[in-house]
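Trainee: Take this structure, written in structure tokens, and hold onto it; I'll ask about it next.
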Amino acid sequence: MKEIMIIVRPRRYFKTKEILSENRFYAMSTKEVLGRGKNTVKYMSADEKKTYDAAYENSLVAKRMIEMVVPDKDVDEVIRLVLQVNQSGNEGDGKIFVLPVNTSFRIHTGESGDDALM
């Protein structure tokens with residue numbers, strides 16, 4: 001089992017959820033997060049229609065995070081679907097992290113491992 005942590009632009013969040021659900025990946029947790037990558041955050045001036053560097057280095061940008069735990073065999077498919085919707089070739093498209101999960105338990109039934117996921 002793997003945990004897949006997906007961080008995307010807010011405007012791509014619903015499309016990402018939609019394509020995952022259409023491909024039978026329903027189980028997920030989501031939250032709003034703030035963050036930034038290694039580059040300086042750029043802002044668009046409403047008056048001048050120009051971009052300029054953030055006023056301070058610790059500026060954060062709104063993102064959405066989707067967390068999923070899936071069987072090992074499904075990891076590549078989830079990544080492919082997320083890239084399909086979110087990859088524009090521009091900075092700030094997001095990140096995908098894949099982490100190992102030792103086991104899982106469904107509290108209601110006591111099932112464990114992959115059986116607890118579905």
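Scheme for the structure tokens: letters A, B, ... for chains in order shown; per-chain residue numbers from 1; ligand numbers from 1 in order shown.
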As number ranges by chain, please: the residues near range 64-71 of chain A (cut-off 7 Å, only C-alpha atoms, same-chain neighbours under 2 positions excluded).
Mentor: A: 1-10, 13, 27-33, 73-75, 114
Trainee: Would you give me, as a PDB file with N, CA, C and O atoms, in the first residue's frame, the residues in chain A that DSSP reads as alpha helix (DSSP H)?
Mentor:
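Result written to selection39.pdb:
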```
ATOM      1  N   TYR A  13      -8.603  21.511  -8.717  1.00  0.00           N
ATOM      2  CA  TYR A  13      -9.017  20.554  -7.695  1.00  0.00           C
ATOM      3  C   TYR A  13     -10.244  19.737  -8.109  1.00  0.00           C
ATOM      4  O   TYR A  13     -10.235  18.511  -8.032  1.00  0.00           O
ATOM      5  N   PHE A  14     -11.304  20.392  -8.553  1.00  0.00           N
ATOM      6  CA  PHE A  14     -12.534  19.664  -8.881  1.00  0.00           C
ATOM      7  C   PHE A  14     -12.346  18.757 -10.092  1.00  0.00           C
ATOM      8  O   PHE A  14     -12.883  17.651 -10.140  1.00  0.00           O
ATOM      9  N   LYS A  15     -11.572  19.191 -11.087  1.00  0.00           N
ATOM     10  CA  LYS A  15     -11.276  18.331 -12.246  1.00  0.00           C
ATOM     11  C   LYS A  15     -10.470  17.112 -11.810  1.00  0.00           C
ATOM     12  O   LYS A  15     -10.677  16.007 -12.312  1.00  0.00           O
ATOM     13  N   THR A  16      -9.554  17.309 -10.878  1.00  0.00           N
ATOM     14  CA  THR A  16      -8.741  16.195 -10.376  1.00  0.00           C
ATOM     15  C   THR A  16      -9.619  15.193  -9.643  1.00  0.00           C
ATOM     16  O   THR A  16      -9.540  13.982  -9.896  1.00  0.00           O
ATOM     17  N   LYS A  17     -10.476  15.691  -8.739  1.00  0.00           N
ATOM     18  CA  LYS A  17     -11.405  14.808  -8.033  1.00  0.00           C
ATOM     19  C   LYS A  17     -12.319  14.070  -9.001  1.00  0.00           C
ATOM     20  O   LYS A  17     -12.584  12.880  -8.847  1.00  0.00           O
ATOM     21  N   GLU A  18     -12.782  14.775 -10.010  1.00  0.00           N
ATOM     22  CA  GLU A  18     -13.697  14.186 -10.999  1.00  0.00           C
ATOM     23  C   GLU A  18     -13.041  13.042 -11.765  1.00  0.00           C
ATOM     24  O   GLU A  18     -13.617  11.964 -11.894  1.00  0.00           O
ATOM     25  N   ILE A  19     -11.820  13.245 -12.260  1.00  0.00           N
ATOM     26  CA  ILE A  19     -11.179  12.195 -13.049  1.00  0.00           C
ATOM     27  C   ILE A  19     -10.812  10.994 -12.177  1.00  0.00           C
ATOM     28  O   ILE A  19     -10.895   9.854 -12.622  1.00  0.00           O
ATOM     29  N   LEU A  20     -10.442  11.247 -10.926  1.00  0.00           N
ATOM     30  CA  LEU A  20     -10.155  10.135 -10.020  1.00  0.00           C
ATOM     31  C   LEU A  20     -11.424   9.333  -9.756  1.00  0.00           C
ATOM     32  O   LEU A  20     -11.414   8.092  -9.814  1.00  0.00           O
ATOM     33  N   SER A  21     -12.533  10.007  -9.500  1.00  0.00           N
ATOM     34  CA  SER A  21     -13.800   9.315  -9.250  1.00  0.00           C
ATOM     35  C   SER A  21     -14.289   8.555 -10.478  1.00  0.00           C
ATOM     36  O   SER A  21     -14.791   7.432 -10.364  1.00  0.00           O
ATOM     37  N   GLU A  22     -14.139   9.154 -11.661  1.00  0.00           N
ATOM     38  CA  GLU A  22     -14.543   8.477 -12.900  1.00  0.00           C
ATOM     39  C   GLU A  22     -13.766   7.176 -13.109  1.00  0.00           C
ATOM     40  O   GLU A  22     -14.244   6.269 -13.784  1.00  0.00           O
ATOM     41  N   VAL A  75      -0.899   2.743  -7.999  1.00  0.00           N
ATOM     42  CA  VAL A  75      -0.134   3.990  -7.856  1.00  0.00           C
ATOM     43  C   VAL A  75       0.128   4.649  -9.208  1.00  0.00           C
ATOM     44  O   VAL A  75      -0.119   5.850  -9.390  1.00  0.00           O
ATOM     45  N   ASP A  76       0.628   3.903 -10.170  1.00  0.00           N
ATOM     46  CA  ASP A  76       0.955   4.480 -11.480  1.00  0.00           C
ATOM     47  C   ASP A  76      -0.275   5.058 -12.172  1.00  0.00           C
ATOM     48  O   ASP A  76      -0.192   6.105 -12.823  1.00  0.00           O
ATOM     49  N   GLU A  77      -1.412   4.410 -12.030  1.00  0.00           N
ATOM     50  CA  GLU A  77      -2.644   4.896 -12.660  1.00  0.00           C
ATOM     51  C   GLU A  77      -3.098   6.213 -12.020  1.00  0.00           C
ATOM     52  O   GLU A  77      -3.493   7.144 -12.724  1.00  0.00           O
ATOM     53  N   VAL A  78      -3.039   6.308 -10.703  1.00  0.00           N
ATOM     54  CA  VAL A  78      -3.423   7.553 -10.023  1.00  0.00           C
ATOM     55  C   VAL A  78      -2.505   8.688 -10.466  1.00  0.00           C
ATOM     56  O   VAL A  78      -2.971   9.782 -10.805  1.00  0.00           O
ATOM     57  N   ILE A  79      -1.212   8.430 -10.514  1.00  0.00           N
ATOM     58  CA  ILE A  79      -0.259   9.465 -10.938  1.00  0.00           C
ATOM     59  C   ILE A  79      -0.544   9.896 -12.371  1.00  0.00           C
ATOM     60  O   ILE A  79      -0.558  11.094 -12.682  1.00  0.00           O
ATOM     61  N   ARG A  80      -0.797   8.950 -13.257  1.00  0.00           N
ATOM     62  CA  ARG A  80      -1.098   9.273 -14.653  1.00  0.00           C
ATOM     63  C   ARG A  80      -2.326  10.181 -14.756  1.00  0.00           C
ATOM     64  O   ARG A  80      -2.327  11.172 -15.491  1.00  0.00           O
ATOM     65  N   LEU A  81      -3.368   9.861 -14.011  1.00  0.00           N
ATOM     66  CA  LEU A  81      -4.601  10.655 -14.044  1.00  0.00           C
ATOM     67  C   LEU A  81      -4.379  12.072 -13.515  1.00  0.00           C
ATOM     68  O   LEU A  81      -4.861  13.043 -14.103  1.00  0.00           O
ATOM     69  N   VAL A  82      -3.635  12.187 -12.426  1.00  0.00           N
ATOM     70  CA  VAL A  82      -3.375  13.514 -11.840  1.00  0.00           C
ATOM     71  C   VAL A  82      -2.553  14.362 -12.811  1.00  0.00           C
ATOM     72  O   VAL A  82      -2.844  15.537 -13.027  1.00  0.00           O
ATOM     73  N   LEU A  83      -1.535  13.775 -13.417  1.00  0.00           N
ATOM     74  CA  LEU A  83      -0.719  14.512 -14.384  1.00  0.00           C
ATOM     75  C   LEU A  83      -1.551  14.944 -15.587  1.00  0.00           C
ATOM     76  O   LEU A  83      -1.391  16.057 -16.097  1.00  0.00           O
ATOM     77  N   GLN A  84      -2.442  14.079 -16.035  1.00  0.00           N
ATOM     78  CA  GLN A  84      -3.284  14.367 -17.198  1.00  0.00           C
ATOM     79  C   GLN A  84      -4.088  15.654 -16.998  1.00  0.00           C
ATOM     80  O   GLN A  84      -4.228  16.459 -17.910  1.00  0.00           O
ATOM     81  N   VAL A  85      -4.581  15.878 -15.798  1.00  0.00           N
ATOM     82  CA  VAL A  85      -5.421  17.035 -15.513  1.00  0.00           C
ATOM     83  C   VAL A  85      -4.606  18.272 -15.122  1.00  0.00           C
ATOM     84  O   VAL A  85      -5.001  19.389 -15.430  1.00  0.00           O
ATOM     85  N   ASN A  86      -3.480  18.076 -14.465  1.00  0.00           N
ATOM     86  CA  ASN A  86      -2.780  19.196 -13.830  1.00  0.00           C
ATOM     87  C   ASN A  86      -1.510  19.662 -14.519  1.00  0.00           C
ATOM     88  O   ASN A  86      -1.025  20.743 -14.215  1.00  0.00           O
TER      89      ASN A  86
END
```
Trainee: Which one is closest to Gly92 in chain A: A:Leu60, A:Arg12, A:Asp115, A:Gly37? Count only C-alpha atoms.
Mentor: A:Gly37
Trainee: Could you tell me how far CA of Lys63 in chain A lies from CA of Gly94 in chain A, in Å and to one decimal?
Mentor: 8.2 Å
Trainee: What separation in Å, quoted to one decimal, exists between CA of Met118 in chain A and CA of Ile96 in chain A?
Mentor: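 Going from CA of Met118 in chain A over to CA of Ile96 in chain A covers 22.1 Å.
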Trainee: A:Pro100, A:Asn90, A:Asp72, A:Asn39: which is nearest Ser59 in chain A, counting only C-alpha atoms?
Mentor: A:Asn39
Trainee: Please determine, counting only C-alpha atoms, which residue among A:Val61, A:Gly113, A:Arg24, A:Gln87 has the shortest atom-to-atom distance to Val101 in chain A.
Mentor: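 When distances to Val101 in chain A are compared using only C-alpha atoms, the smallest one comes from A:Gly113.
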Trainee: Quick one, how far is CA of Leu117 in chain A from CA of Ser104 in chain A?
Mentor: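 The value is 7.5 Å.
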Trainee: Enumerate as a PyMOL selection string all residues of chain A assigned to strand (DSSP E or B) by DSSP on the backbone, naming them with the chain letters and numbers the document uses.
Mentor: chain A and resi 2-8+29-35+42-44+51-53+61-70+94-100+105+112
